[in-house]
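With mmCIF, C-alpha atoms and all ligand atoms inside, this is entry06.cif:
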data_coords
#
loop_
_atom_site.label_atom_id
_atom_site.label_comp_id
_atom_site.auth_asym_id
_atom_site.auth_seq_id
_atom_site.Cartn_x
_atom_site.Cartn_y
_atom_site.Cartn_z
CA MET A 1 14.36 -20.36 28.73
CA SER A 2 17.20 -18.48 30.40
CA SER A 3 17.77 -14.89 29.35
CA GLU A 4 21.05 -16.04 27.81
CA ALA A 5 19.21 -18.50 25.57
CA ALA A 6 16.68 -15.80 24.72
CA THR A 7 19.49 -13.50 23.65
CA ALA A 8 20.91 -16.18 21.39
CA VAL A 9 17.78 -16.25 19.23
CA ARG A 10 16.89 -12.59 19.61
CA GLY A 11 16.82 -10.70 16.35
CA ASP A 12 17.50 -13.69 14.09
CA LEU A 13 15.47 -13.59 10.91
CA PRO A 14 13.16 -16.64 10.90
CA PRO A 15 13.79 -18.57 7.67
CA GLU A 16 10.12 -18.36 6.61
CA LEU A 17 10.41 -14.57 6.57
CA ASP A 18 13.68 -14.48 4.65
CA ASP A 19 12.46 -12.46 1.68
CA PRO A 20 14.08 -9.40 0.04
CA LEU A 21 11.06 -7.22 0.79
CA PHE A 22 10.91 -8.27 4.44
CA ARG A 23 14.64 -7.54 4.72
CA THR A 24 13.93 -4.05 3.37
CA ALA A 25 11.13 -3.51 5.89
CA LEU A 26 13.31 -4.81 8.72
CA GLY A 27 16.27 -2.72 7.57
CA GLN A 28 14.10 0.41 7.58
CA LEU A 29 12.77 -0.43 11.03
CA ASP A 30 16.23 -1.16 12.45
CA GLY A 31 17.51 2.10 10.96
CA ALA A 32 14.72 4.09 12.65
CA LEU A 33 14.54 2.31 16.02
CA GLU A 34 17.46 4.12 17.59
CA ARG A 35 16.12 7.52 16.53
CA ALA A 36 12.68 6.55 17.81
CA GLY A 37 14.23 5.99 21.23
CA VAL A 38 12.16 2.92 22.12
CA SER A 39 13.30 0.22 24.52
CA ASP A 40 14.95 -2.96 23.24
CA SER A 41 12.03 -5.09 24.36
CA VAL A 42 9.51 -2.94 22.49
CA ALA A 43 11.77 -2.99 19.44
CA GLU A 44 11.89 -6.77 19.62
CA VAL A 45 8.09 -7.01 19.61
CA LEU A 46 7.82 -4.81 16.52
CA ARG A 47 10.36 -6.65 14.39
CA PHE A 48 8.24 -9.71 13.58
CA PRO A 49 4.54 -10.23 12.84
CA GLU A 50 2.14 -11.20 15.62
CA ARG A 51 0.38 -13.85 13.56
CA ALA A 52 0.62 -15.45 10.12
CA LEU A 53 -1.65 -17.94 8.43
CA SER A 54 -0.61 -20.03 5.45
CA VAL A 55 -3.33 -21.84 3.52
CA ALA A 56 -3.72 -24.03 0.44
CA ILE A 57 -6.63 -23.01 -1.77
CA PRO A 58 -8.02 -25.69 -4.07
CA VAL A 59 -9.90 -24.23 -7.03
CA ARG A 60 -11.88 -26.07 -9.69
CA LEU A 61 -10.77 -24.50 -12.99
CA ASP A 62 -13.10 -23.96 -15.94
CA ASP A 63 -11.57 -26.93 -17.81
CA GLY A 64 -12.54 -29.26 -14.97
CA THR A 65 -9.05 -29.68 -13.51
CA LEU A 66 -8.11 -28.71 -9.97
CA ALA A 67 -5.39 -26.22 -9.09
CA VAL A 68 -4.12 -25.52 -5.59
CA PHE A 69 -2.85 -22.01 -4.84
CA PRO A 70 -0.84 -20.94 -1.79
CA GLY A 71 -2.39 -18.08 0.19
CA TYR A 72 -1.30 -16.05 3.21
CA ARG A 73 -2.55 -13.52 5.72
CA VAL A 74 -0.06 -11.83 8.01
CA GLN A 75 -1.06 -9.62 10.95
CA HIS A 76 1.90 -7.55 12.06
CA SER A 77 0.52 -5.68 15.05
CA SER A 78 -2.90 -5.34 16.69
CA VAL A 79 -1.74 -2.99 19.42
CA LEU A 80 -3.69 0.00 18.10
CA GLY A 81 -6.81 -1.86 16.97
CA PRO A 82 -8.02 -4.42 14.45
CA THR A 83 -5.46 -5.16 11.77
CA LYS A 84 -6.04 -3.65 8.34
CA GLY A 85 -4.59 -4.19 4.92
CA GLY A 86 -5.12 -5.39 1.40
CA VAL A 87 -5.22 -8.76 -0.31
CA ARG A 88 -3.22 -9.18 -3.52
CA TYR A 89 -3.22 -11.75 -6.30
CA ASP A 90 0.21 -11.96 -7.87
CA THR A 91 2.81 -14.50 -8.97
CA ALA A 92 5.35 -12.96 -6.54
CA VAL A 93 3.27 -13.36 -3.35
CA THR A 94 5.17 -15.04 -0.51
CA LEU A 95 4.77 -15.13 3.26
CA GLY A 96 7.77 -12.82 3.62
CA GLU A 97 6.36 -10.32 1.14
CA CYS A 98 3.05 -10.25 3.04
CA ALA A 99 4.97 -9.80 6.31
CA ALA A 100 6.82 -6.77 4.93
CA LEU A 101 3.62 -5.24 3.57
CA ALA A 102 1.81 -5.95 6.87
CA MET A 103 4.54 -4.15 8.82
CA TRP A 104 4.24 -1.15 6.49
CA MET A 105 0.47 -1.14 7.08
CA THR A 106 1.13 -0.87 10.84
CA TRP A 107 3.32 2.20 10.29
CA LYS A 108 0.91 3.69 7.74
CA CYS A 109 -2.14 3.42 10.02
CA ALA A 110 -0.18 4.70 13.03
CA LEU A 111 1.17 7.65 11.06
CA LEU A 112 -2.33 8.72 10.07
CA GLY A 113 -3.67 8.20 13.57
CA LEU A 114 -6.10 5.47 12.48
CA PRO A 115 -7.24 3.01 15.18
CA TYR A 116 -5.76 0.04 13.29
CA GLY A 117 -2.77 -2.25 13.21
CA GLY A 118 -1.28 -3.63 10.01
CA ALA A 119 -2.00 -6.77 7.99
CA LYS A 120 -1.60 -8.00 4.44
CA GLY A 121 -2.60 -11.08 2.55
CA GLY A 122 -2.33 -12.57 -0.85
CA VAL A 123 -2.59 -15.56 -3.11
CA ARG A 124 0.28 -16.68 -5.31
CA CYS A 125 -1.37 -16.99 -8.72
CA ASP A 126 -1.35 -15.37 -12.13
CA PRO A 127 -4.60 -13.39 -11.95
CA ARG A 128 -4.51 -12.66 -15.68
CA SER A 129 -4.78 -16.35 -16.47
CA LEU A 130 -7.91 -16.83 -14.35
CA SER A 131 -11.45 -16.32 -15.64
CA LEU A 132 -13.94 -14.27 -13.64
CA VAL A 133 -15.61 -17.37 -12.20
CA GLU A 134 -12.27 -18.94 -11.32
CA ARG A 135 -11.36 -15.75 -9.49
CA GLU A 136 -14.67 -15.85 -7.66
CA ARG A 137 -14.10 -19.46 -6.53
CA LEU A 138 -10.54 -18.62 -5.49
CA THR A 139 -11.70 -15.58 -3.51
CA ARG A 140 -14.54 -17.38 -1.75
CA ARG A 141 -12.37 -20.35 -0.75
CA PHE A 142 -9.54 -18.05 0.37
CA THR A 143 -12.04 -16.06 2.48
CA SER A 144 -13.39 -19.19 4.11
CA GLU A 145 -9.83 -20.28 4.97
CA LEU A 146 -9.29 -16.88 6.61
CA LEU A 147 -12.47 -17.05 8.72
CA PRO A 148 -10.69 -17.99 11.97
CA ILE A 149 -8.59 -14.83 11.94
CA ILE A 150 -10.58 -12.08 10.16
CA GLY A 151 -13.55 -10.06 11.45
CA PRO A 152 -14.78 -6.47 11.60
CA GLN A 153 -13.11 -6.04 15.01
CA ARG A 154 -10.16 -8.33 14.24
CA ASP A 155 -8.77 -7.96 10.74
CA ILE A 156 -10.38 -6.10 7.84
CA PRO A 157 -9.17 -6.91 4.30
CA ALA A 158 -9.22 -4.47 1.35
CA PRO A 159 -8.14 -4.43 -2.30
CA ASP A 160 -4.50 -4.44 -3.35
CA MET A 161 -2.72 -5.56 -6.54
CA ALA A 162 -5.14 -7.32 -8.95
CA THR A 163 -8.05 -7.30 -6.51
CA ASP A 164 -10.95 -4.84 -6.67
CA ALA A 165 -14.44 -3.95 -5.50
CA GLN A 166 -15.86 -7.16 -6.98
CA THR A 167 -13.29 -9.23 -5.07
CA MET A 168 -14.34 -7.44 -1.87
CA ALA A 169 -18.03 -8.07 -2.60
CA TRP A 170 -17.29 -11.82 -2.83
CA MET A 171 -15.31 -11.71 0.42
CA MET A 172 -18.10 -9.79 2.15
CA ASP A 173 -20.73 -12.23 0.87
CA THR A 174 -18.74 -15.32 1.86
CA TYR A 175 -18.17 -13.98 5.39
CA SER A 176 -21.80 -12.82 5.70
CA MET A 177 -23.13 -16.24 4.62
CA GLN A 178 -21.08 -17.86 7.39
CA VAL A 179 -22.39 -15.60 10.15
CA GLY A 180 -25.94 -15.49 8.82
CA HIS A 181 -26.40 -11.78 8.16
CA ALA A 182 -24.87 -9.01 6.05
CA VAL A 183 -21.59 -7.72 7.52
CA PRO A 184 -20.43 -4.89 5.24
CA GLU A 185 -17.76 -3.80 7.76
CA ILE A 186 -15.76 -7.02 7.26
CA VAL A 187 -13.95 -5.58 4.21
CA THR A 188 -13.40 -2.14 2.67
CA GLY A 189 -13.15 -1.15 -0.96
CA LYS A 190 -16.55 -2.73 -1.68
CA PRO A 191 -19.00 -1.61 -4.36
CA LEU A 192 -21.30 1.23 -3.23
CA SER A 193 -24.28 -1.14 -3.50
CA VAL A 194 -23.03 -3.25 -0.56
CA GLY A 195 -21.79 -0.52 1.75
CA GLY A 196 -18.75 0.84 -0.08
CA SER A 197 -17.69 4.44 0.21
CA VAL A 198 -17.63 7.11 -2.45
CA LEU A 199 -14.08 8.01 -3.48
CA ARG A 200 -12.56 4.78 -2.08
CA PRO A 201 -11.43 3.59 -5.56
CA GLU A 202 -9.73 6.93 -6.24
CA ALA A 203 -8.48 7.57 -2.68
CA THR A 204 -4.90 6.32 -2.98
CA GLY A 205 -4.20 8.30 -6.16
CA ILE A 206 -5.86 11.44 -4.78
CA GLY A 207 -3.88 11.13 -1.54
CA VAL A 208 -0.60 10.74 -3.45
CA VAL A 209 -1.15 14.05 -5.18
CA MET A 210 -2.28 15.80 -1.98
CA VAL A 211 1.09 14.83 -0.46
CA VAL A 212 3.06 15.74 -3.59
CA GLU A 213 1.36 19.13 -3.74
CA GLY A 214 2.16 19.86 -0.09
CA ALA A 215 5.77 18.74 -0.53
CA VAL A 216 6.29 20.79 -3.67
CA GLU A 217 4.98 23.90 -1.88
CA ARG A 218 7.44 23.32 0.97
CA LEU A 219 10.26 22.90 -1.56
CA GLY A 220 9.37 26.30 -2.99
CA TRP A 221 7.98 25.36 -6.40
CA THR A 222 4.53 24.48 -7.73
CA LEU A 223 2.84 21.73 -9.72
CA ASP A 224 1.74 24.21 -12.37
CA GLY A 225 3.75 23.25 -15.46
CA ALA A 226 5.76 20.62 -13.54
CA ARG A 227 6.82 17.64 -15.68
CA CYS A 228 5.59 14.42 -14.10
CA VAL A 229 6.39 10.80 -14.91
CA VAL A 230 4.11 8.09 -13.54
CA GLN A 231 5.28 4.48 -13.37
CA GLY A 232 2.22 2.21 -13.25
CA PHE A 233 -0.95 3.41 -14.97
CA GLY A 234 -3.32 1.34 -12.83
CA LYS A 235 -5.64 1.98 -9.90
CA VAL A 236 -3.20 4.37 -8.24
CA GLY A 237 -1.13 5.79 -11.11
CA ALA A 238 -3.98 6.66 -13.49
CA ILE A 239 -5.79 8.64 -10.79
CA ALA A 240 -2.56 10.30 -9.64
CA ALA A 241 -1.82 11.32 -13.24
CA ALA A 242 -5.30 12.86 -13.62
CA GLU A 243 -5.01 14.70 -10.30
CA LEU A 244 -1.58 16.04 -11.28
CA ALA A 245 -2.93 17.24 -14.62
CA ALA A 246 -5.88 18.88 -12.84
CA ARG A 247 -3.34 20.94 -10.90
CA GLY A 248 -1.67 22.16 -14.10
CA ALA A 249 1.15 19.60 -14.22
CA ARG A 250 2.32 18.08 -17.51
CA VAL A 251 2.26 14.28 -17.41
CA THR A 252 5.06 13.45 -19.85
CA ALA A 253 5.26 9.66 -19.47
CA VAL A 254 3.32 6.76 -18.02
CA SER A 255 3.82 2.99 -18.07
CA ASP A 256 1.98 -0.26 -17.56
CA ILE A 257 3.25 -3.80 -17.21
CA GLU A 258 4.20 -3.94 -20.94
CA GLY A 259 6.28 -0.74 -20.94
CA GLY A 260 5.88 3.01 -21.17
CA ILE A 261 4.91 5.88 -23.47
CA HIS A 262 6.53 9.30 -23.51
CA ALA A 263 5.53 12.68 -24.98
CA GLU A 264 7.65 15.57 -23.73
CA GLY A 265 4.87 18.05 -24.54
CA GLY A 266 2.51 16.16 -22.21
CA LEU A 267 0.05 13.30 -22.72
CA ASP A 268 -3.65 14.02 -23.30
CA LEU A 269 -4.97 11.87 -20.45
CA ALA A 270 -8.63 11.88 -21.52
CA ALA A 271 -7.63 10.62 -24.97
CA LEU A 272 -5.25 8.10 -23.38
CA ASP A 273 -8.06 6.80 -21.18
CA ALA A 274 -10.24 6.27 -24.27
CA TRP A 275 -7.29 4.54 -26.05
CA LEU A 276 -6.72 2.28 -23.04
CA ARG A 277 -10.37 1.27 -22.98
CA GLU A 278 -10.35 0.61 -26.73
CA THR A 279 -7.10 -1.35 -26.99
CA GLY A 280 -6.59 -2.68 -23.46
CA GLY A 281 -3.15 -1.05 -23.18
CA ILE A 282 -1.30 2.23 -23.51
CA ALA A 283 1.08 1.13 -26.29
CA GLY A 284 0.69 2.86 -29.64
CA PHE A 285 -1.03 5.95 -28.23
CA GLU A 286 -0.92 8.68 -30.86
CA GLY A 287 1.83 11.24 -30.50
CA SER A 288 3.83 9.22 -27.97
CA GLN A 289 7.12 7.38 -28.21
CA ARG A 290 7.56 3.94 -26.74
CA VAL A 291 10.00 3.67 -23.81
CA THR A 292 10.92 0.69 -21.69
CA ASN A 293 10.06 0.71 -18.00
CA ALA A 294 13.76 1.13 -17.24
CA GLU A 295 14.02 4.14 -19.57
CA LEU A 296 10.89 5.69 -18.10
CA LEU A 297 12.41 5.76 -14.62
CA GLU A 298 15.44 7.66 -15.94
CA LEU A 299 13.49 10.39 -17.78
CA ASP A 300 14.30 13.96 -16.84
CA CYS A 301 11.31 15.31 -14.87
CA ASP A 302 10.21 17.24 -11.80
CA VAL A 303 8.13 14.54 -10.10
CA LEU A 304 8.53 10.79 -10.51
CA VAL A 305 5.55 8.88 -9.12
CA LEU A 306 6.31 5.20 -8.46
CA ALA A 307 2.89 3.56 -8.62
CA ALA A 308 3.69 0.13 -10.05
CA THR A 309 5.09 -2.34 -7.56
CA GLU A 310 7.91 -2.98 -5.11
CA ARG A 311 11.70 -2.86 -5.68
CA GLN A 312 11.69 -0.69 -8.81
CA VAL A 313 14.38 1.80 -7.80
CA THR A 314 17.44 -0.17 -6.80
CA GLU A 315 21.19 0.18 -6.46
CA ALA A 316 21.37 -0.37 -10.23
CA ASN A 317 19.26 2.59 -11.35
CA ALA A 318 19.04 5.03 -8.40
CA GLY A 319 22.06 6.89 -9.75
CA LEU A 320 20.22 7.44 -13.03
CA ILE A 321 16.97 8.88 -11.66
CA SER A 322 16.70 12.46 -12.86
CA ALA A 323 13.64 13.69 -11.00
CA ARG A 324 13.60 16.55 -8.49
CA LEU A 325 11.19 14.65 -6.24
CA VAL A 326 10.21 10.97 -5.98
CA ALA A 327 6.77 9.97 -4.65
CA GLU A 328 6.02 6.39 -3.62
CA GLY A 329 2.47 5.51 -4.67
CA ALA A 330 3.27 1.79 -4.46
CA ASN A 331 4.45 -0.04 -1.34
CA GLY A 332 8.19 -0.61 -1.12
CA PRO A 333 9.26 0.65 -4.57
CA THR A 334 12.68 1.85 -3.32
CA THR A 335 15.29 -0.51 -1.87
CA LEU A 336 17.45 0.41 1.13
CA GLU A 337 20.52 0.92 -1.09
CA ALA A 338 18.56 3.08 -3.54
CA ASP A 339 17.28 5.21 -0.67
CA GLU A 340 20.84 5.99 0.33
CA ILE A 341 21.86 6.85 -3.22
CA LEU A 342 18.88 9.18 -3.70
CA PHE A 343 19.61 10.82 -0.34
CA ALA A 344 23.25 11.37 -1.31
CA ARG A 345 22.10 12.89 -4.60
CA GLY A 346 19.74 15.29 -2.78
CA ILE A 347 16.55 13.84 -4.28
CA PRO A 348 13.81 13.78 -1.63
CA VAL A 349 11.64 10.66 -1.48
CA LEU A 350 8.05 10.95 -0.24
CA PRO A 351 7.75 7.60 1.55
CA ASP A 352 5.04 5.03 0.83
CA ILE A 353 3.68 4.89 4.38
CA LEU A 354 2.77 8.56 4.06
CA THR A 355 2.24 9.04 0.34
CA ASN A 356 -0.07 6.12 -0.44
CA ALA A 357 -1.95 6.21 2.88
CA GLY A 358 -5.02 7.82 1.27
CA GLY A 359 -6.32 4.35 0.39
CA VAL A 360 -6.42 3.04 3.94
CA ALA A 361 -7.64 6.44 5.16
CA VAL A 362 -10.79 6.18 3.06
CA SER A 363 -11.02 2.48 3.98
CA TYR A 364 -11.25 3.68 7.57
CA PHE A 365 -14.01 6.12 6.57
CA GLU A 366 -15.81 3.26 4.83
CA TRP A 367 -15.59 1.03 7.93
CA VAL A 368 -16.84 3.83 10.18
CA GLN A 369 -19.76 4.52 7.81
CA ASP A 370 -20.59 0.78 7.71
CA LEU A 371 -20.54 0.50 11.51
CA GLN A 372 -22.76 3.56 11.82
CA ARG A 373 -25.00 2.59 8.89
CA LEU A 374 -24.73 6.25 7.94
CA PHE A 375 -23.07 7.37 4.71
CA TRP A 376 -21.17 10.53 3.79
CA GLY A 377 -20.99 12.42 0.52
CA PRO A 378 -17.93 12.98 -1.69
CA ASP A 379 -17.22 16.49 -0.36
CA GLU A 380 -17.03 15.27 3.21
CA ILE A 381 -14.74 12.37 2.24
CA ARG A 382 -12.41 14.61 0.21
CA THR A 383 -12.21 17.19 3.00
CA ARG A 384 -11.52 14.60 5.69
CA LEU A 385 -8.94 12.86 3.47
CA GLY A 386 -7.20 16.17 2.76
CA ASP A 387 -7.11 17.00 6.47
CA LEU A 388 -5.54 13.63 7.35
CA MET A 389 -2.96 13.69 4.54
CA ARG A 390 -1.91 17.31 5.05
CA ASP A 391 -1.65 16.88 8.80
CA ALA A 392 0.52 13.76 8.41
CA LEU A 393 2.78 15.51 5.87
CA GLU A 394 3.10 18.50 8.19
CA ARG A 395 4.16 16.28 11.12
CA VAL A 396 6.61 14.27 9.01
CA TRP A 397 8.16 17.39 7.47
CA ALA A 398 8.51 19.12 10.85
CA LEU A 399 10.15 16.07 12.45
CA ALA A 400 12.50 15.61 9.48
CA GLU A 401 13.64 19.22 9.87
CA ALA A 402 13.82 19.18 13.68
CA GLU A 403 15.78 15.92 13.92
CA GLU A 404 17.60 16.11 10.58
CA LEU A 405 16.05 12.95 9.21
CA THR A 406 15.02 11.84 5.74
CA LEU A 407 11.28 11.99 5.18
CA ARG A 408 11.14 8.17 5.36
CA SER A 409 12.97 8.06 8.69
CA ALA A 410 10.80 10.85 10.06
CA ALA A 411 7.63 9.00 9.04
CA LEU A 412 8.91 5.72 10.51
CA VAL A 413 10.08 7.34 13.74
CA GLN A 414 6.66 8.95 14.30
CA SER A 415 4.83 5.70 13.63
CA ILE A 416 7.15 3.63 15.79
CA ARG A 417 6.86 6.08 18.70
CA HIS A 418 3.07 5.96 18.47
CA VAL A 419 2.88 2.15 18.41
CA ALA A 420 5.57 1.85 21.10
CA ALA A 421 3.66 4.18 23.42
CA ALA A 422 0.55 2.01 23.05
CA LEU A 423 2.61 -1.13 23.65
CA GLN A 424 4.16 0.33 26.79
CA SER A 425 0.75 1.35 28.13
CA ARG A 426 -0.86 -1.99 27.39
CA GLY A 427 2.07 -4.09 28.62
CA VAL A 428 2.62 -7.77 27.88
CA TYR A 429 -0.07 -10.38 28.45
CA PRO A 430 -0.17 -12.46 30.66
N1 LIG B 1 -3.88 -2.09 -0.15
C1 LIG B 1 -3.89 -0.71 0.24
C2 LIG B 1 -2.58 -0.31 0.89
O1 LIG B 1 -1.57 -0.91 0.64
C3 LIG B 1 -5.10 -0.35 1.08
C4 LIG B 1 -5.28 -1.11 2.34
C5 LIG B 1 -6.62 -0.86 3.03
O2 LIG B 1 -7.37 -0.04 2.56
O3 LIG B 1 -6.86 -1.52 4.04
O4 LIG B 1 -2.49 0.65 1.60
#

Let me see whether you can do it: turn the structure in this file into structure tokens.
Amino acid sequence: MSSEAATAVRGDLPPELDDPLFRTALGQLDGALERAGVSDSVAEVLRFPERALSVAIPVRLDDGTLAVFPGYRVQHSSVLGPTKGGVRYDTAVTLGECAALAMWMTWKCALLGLPYGGAKGGVRCDPRSLSLVERERLTRRFTSELLPIIGPQRDIPAPDMATDAQTMAWMMDTYSMQVGHAVPEIVTGKPLSVGGSVLRPEATGIGVVMVVEGAVERLGWTLDGARCVVQGFGKVGAIAAAELAARGARVTAVSDIEGGIHAEGGLDLAALDAWLRETGGIAGFEGSQRVTNAELLELDCDVLVLAATERQVTEANAGLISARLVAEGANGPTTLEADEILFARGIPVLPDILTNAGGVAVSYFEWVQDLQRLFWGPDEIRTRLGDLMRDALERVWALAEAEELTLRSAALVQSIRHVAAALQSRGVYP
């Protein structure tokens, strides 16, 4: 192809990636590329994923019928090492969504200095409608479809939305059965009994609060007595809420998929946990008022933790957020337009690729422990996690101040520079 023909297609969004979340990821990247100062050819390499696999997963349901679910795995960049990222089960999973999330994993790993590139996968299904055995069959068949592209030195899956340690144990077992011996390092987020790491389930939530605490200090206030609202009371949000409360903060509202609860005096999280276990939800918790998810986001507070899912703060509600600080525990919860509105309103946003990176950080510790067959205790994990998170926050904050960038741009610019330097050194094969 002539260079003229190459220019004609350069930068066009391939139709299979035309998804609102991928547009957000691309918009963020394009916005940061100039500041990162990387060459056009490097920029072009980073805009689209290296590899994507689309599979059909037939599953025998409990009633004897067969259902076929679409599944994907996208590897954005393997420049820094094997690709790394979660697998989600959700009705909204698309190839484009996985591509956006894979790109964010590249930036997240690069920002923390982990020797990984980014990946993400998922199956489009309603996980709540599947029984445990149906989920096991789905997971095992999905894993076997992924065999050509995953591996402990190639691509290492982990939990994400609606997947957990049990899902990872099935993936690990399916892979291990194929190669003929136990390979714990093929996935992270496993149960302890098969090579998981202590603190991995809590790592994302703990990391969120480590970053919030550091940011709050730099802003000149403290978490003691701070009013915190947490959207999403799941794997990330529930731990973040507990960690905030442990630092003296008042958690005034939380939500799950059905809606939120609010108590201006603060929620008793231990009692809420017991209520959740008893009733299966947070609704009706004594002493709280019911709020919708939309109302919860607009509550007056000091810290708003977004730990539910993507595209929650948009053009429509960014003007109504009344928090002093927003922390992204989920991936992609703020749209490009919302980012601009929050910036104009002087509300700092702690970006996802920094704030929720505690999960992949402890995944990295798990993988290292598995490879060494040598396991660390909780104190060592917490200390190492704290060092990584605080160091990343320090670098992002310093760059944001030095180059007058938002925290998101500063995080992206650092990550892009790191990946670009590796790309330049490695060059293009052949
Ligand atoms: N799914 C998590 C994330 O979005 C963790 C990924 C991992 O541990 O590999 O960061």

Please identify every polymer residue within 9 Å of ligand LIG 1 (chain B), using only C-alpha atoms and all ligand atoms, and present the set as a short mmCIF file (atom, residue, chain, number, x, y, z; two decimals) with C-alpha atoms, keeping the file's coordinate frame.
data_model
loop_
_atom_site.label_atom_id
_atom_site.label_comp_id
_atom_site.auth_asym_id
_atom_site.auth_seq_id
_atom_site.Cartn_x
_atom_site.Cartn_y
_atom_site.Cartn_z
CA THR A 83 -5.46 -5.16 11.77
CA LYS A 84 -6.04 -3.65 8.34
CA GLY A 85 -4.59 -4.19 4.92
CA GLY A 86 -5.12 -5.39 1.40
CA VAL A 87 -5.22 -8.76 -0.31
CA ARG A 88 -3.22 -9.18 -3.52
CA LEU A 101 3.62 -5.24 3.57
CA ALA A 102 1.81 -5.95 6.87
CA TRP A 104 4.24 -1.15 6.49
CA MET A 105 0.47 -1.14 7.08
CA LYS A 108 0.91 3.69 7.74
CA CYS A 109 -2.14 3.42 10.02
CA GLY A 118 -1.28 -3.63 10.01
CA ALA A 119 -2.00 -6.77 7.99
CA LYS A 120 -1.60 -8.00 4.44
CA ILE A 156 -10.38 -6.10 7.84
CA PRO A 157 -9.17 -6.91 4.30
CA ALA A 158 -9.22 -4.47 1.35
CA PRO A 159 -8.14 -4.43 -2.30
CA ASP A 160 -4.50 -4.44 -3.35
CA MET A 161 -2.72 -5.56 -6.54
CA VAL A 187 -13.95 -5.58 4.21
CA THR A 188 -13.40 -2.14 2.67
CA GLY A 189 -13.15 -1.15 -0.96
CA ARG A 200 -12.56 4.78 -2.08
CA THR A 204 -4.90 6.32 -2.98
CA ALA A 330 3.27 1.79 -4.46
CA ASN A 331 4.45 -0.04 -1.34
CA ASP A 352 5.04 5.03 0.83
CA ILE A 353 3.68 4.89 4.38
CA ASN A 356 -0.07 6.12 -0.44
CA ALA A 357 -1.95 6.21 2.88
CA GLY A 358 -5.02 7.82 1.27
CA GLY A 359 -6.32 4.35 0.39
CA VAL A 360 -6.42 3.04 3.94
CA ALA A 361 -7.64 6.44 5.16
CA VAL A 362 -10.79 6.18 3.06
CA SER A 363 -11.02 2.48 3.98
CA TYR A 364 -11.25 3.68 7.57
#

Problem set entry | Ref. answer, residues at most 12 Å from (13.0, 2.6, 19.7) with only C-alpha atoms, as a VMD selection string | chain A and resid 29 to 47 412 to 421 423 to 424

Exercise. What gap, in Å, lies between atom CA of Glu366 of chain A and atom CA of Gly214 of chain A?
Worked result: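 It comes out at 25.0 Å.
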
Exercise. Which one of A:His262, A:His76, A:Arg218, A:Arg23 sits closest to Ser288 of chain A if you count all atoms listed in the file?
Worked result: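 Closest candidate: A:His262.
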
Exercise. To one decimal place, how far is atom CA of Leu95 of chain A from atom CA of Phe48 of chain A in Å?
Worked result: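 If I compute the distance from atom CA of Leu95 of chain A to atom CA of Phe48 of chain A, I get 12.2 Å.
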
Using only C-alpha atoms, what table do you get, as CSV, when you list each residue of segment 192-211 of chain A with an atom no more than 10 Å from segment 373-382 of chain A, its nearest pair of atoms, and their distance in Å rounded to one decimal, rows by chain then rising number?
residue,atom,partner,partner_atom,distance
A:Gly195,CA,A:Arg373,CA,8.4
A:Gly196,CA,A:Phe375,CA,9.2
A:Ser197,CA,A:Phe375,CA,7.6
A:Val198,CA,A:Pro378,CA,5.9
A:Leu199,CA,A:Pro378,CA,6.5
A:Arg200,CA,A:Ile381,CA,9.0
A:Ala203,CA,A:Arg382,CA,8.6
A:Ile206,CA,A:Arg382,CA,8.8
A:Gly207,CA,A:Arg382,CA,9.4

Problem set entry | One-decimal distance in Å that lies between atom CA of Asn293 of chain A and atom CA of Ala316 of chain A | 13.8 Å

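When all atoms listed in the file are used to compute distances to Ala92 of chain A, the closest of the residues A:Asn317, A:Thr309, A:Thr355, A:Ser77 turns out to be A:Thr309.
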
For this session: Compare A:Gly237, A:Pro49, A:Pro152, A:Gly386 by their minimum atom-to-atom distance to Glu213 of chain A, counting all atoms listed in the file, and give me the closest one.
Result: A:Gly386

Exercise. Quick one: residues within 9 Å of Arg247 of chain A, only C-alpha atoms counted, chain neighbours fewer than 6 positions away excluded, as a ChimeraX atom specification?
Worked result: /A:213,223-225

With C-alpha atoms retained, export the selected residues as a compact mmCIF listing (two decimals), in the coordinates of the input.
# COMPACT_ATOMS: atom_id res chain seq x y z
CA GLU A 213 1.36 19.13 -3.74
CA LEU A 223 2.84 21.73 -9.72
CA ASP A 224 1.74 24.21 -12.37
CA GLY A 225 3.75 23.25 -15.46

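Considering only C-alpha atoms, the residue among A:Gly71, A:Pro127, A:Gly284, A:Pro20 positioned nearest to Ser144 of chain A is A:Gly71.
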
Problem set entry | Residue neighbourhood segment 169-185 of chain A, 7 Å, all atoms listed in the file, exclusion window fewer than 2 positions, as a ChimeraX atom specification | /A:136,139-140,143-144,152,165-167,187-188,190-191,194-195,367,370-371

Go ahead and save the picked residues with C-alpha atoms, as a short mmCIF file (atom, residue, chain, number, x, y, z; two decimals), keeping the file's coordinate frame.
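Output file part_17.cif is given in full below:
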data_model
loop_
_atom_site.label_atom_id
_atom_site.label_comp_id
_atom_site.auth_asym_id
_atom_site.auth_seq_id
_atom_site.Cartn_x
_atom_site.Cartn_y
_atom_site.Cartn_z
CA GLU A 136 -14.67 -15.85 -7.66
CA THR A 139 -11.70 -15.58 -3.51
CA ARG A 140 -14.54 -17.38 -1.75
CA THR A 143 -12.04 -16.06 2.48
CA SER A 144 -13.39 -19.19 4.11
CA PRO A 152 -14.78 -6.47 11.60
CA ALA A 165 -14.44 -3.95 -5.50
CA GLN A 166 -15.86 -7.16 -6.98
CA THR A 167 -13.29 -9.23 -5.07
CA VAL A 187 -13.95 -5.58 4.21
CA THR A 188 -13.40 -2.14 2.67
CA LYS A 190 -16.55 -2.73 -1.68
CA PRO A 191 -19.00 -1.61 -4.36
CA VAL A 194 -23.03 -3.25 -0.56
CA GLY A 195 -21.79 -0.52 1.75
CA TRP A 367 -15.59 1.03 7.93
CA ASP A 370 -20.59 0.78 7.71
CA LEU A 371 -20.54 0.50 11.51
#
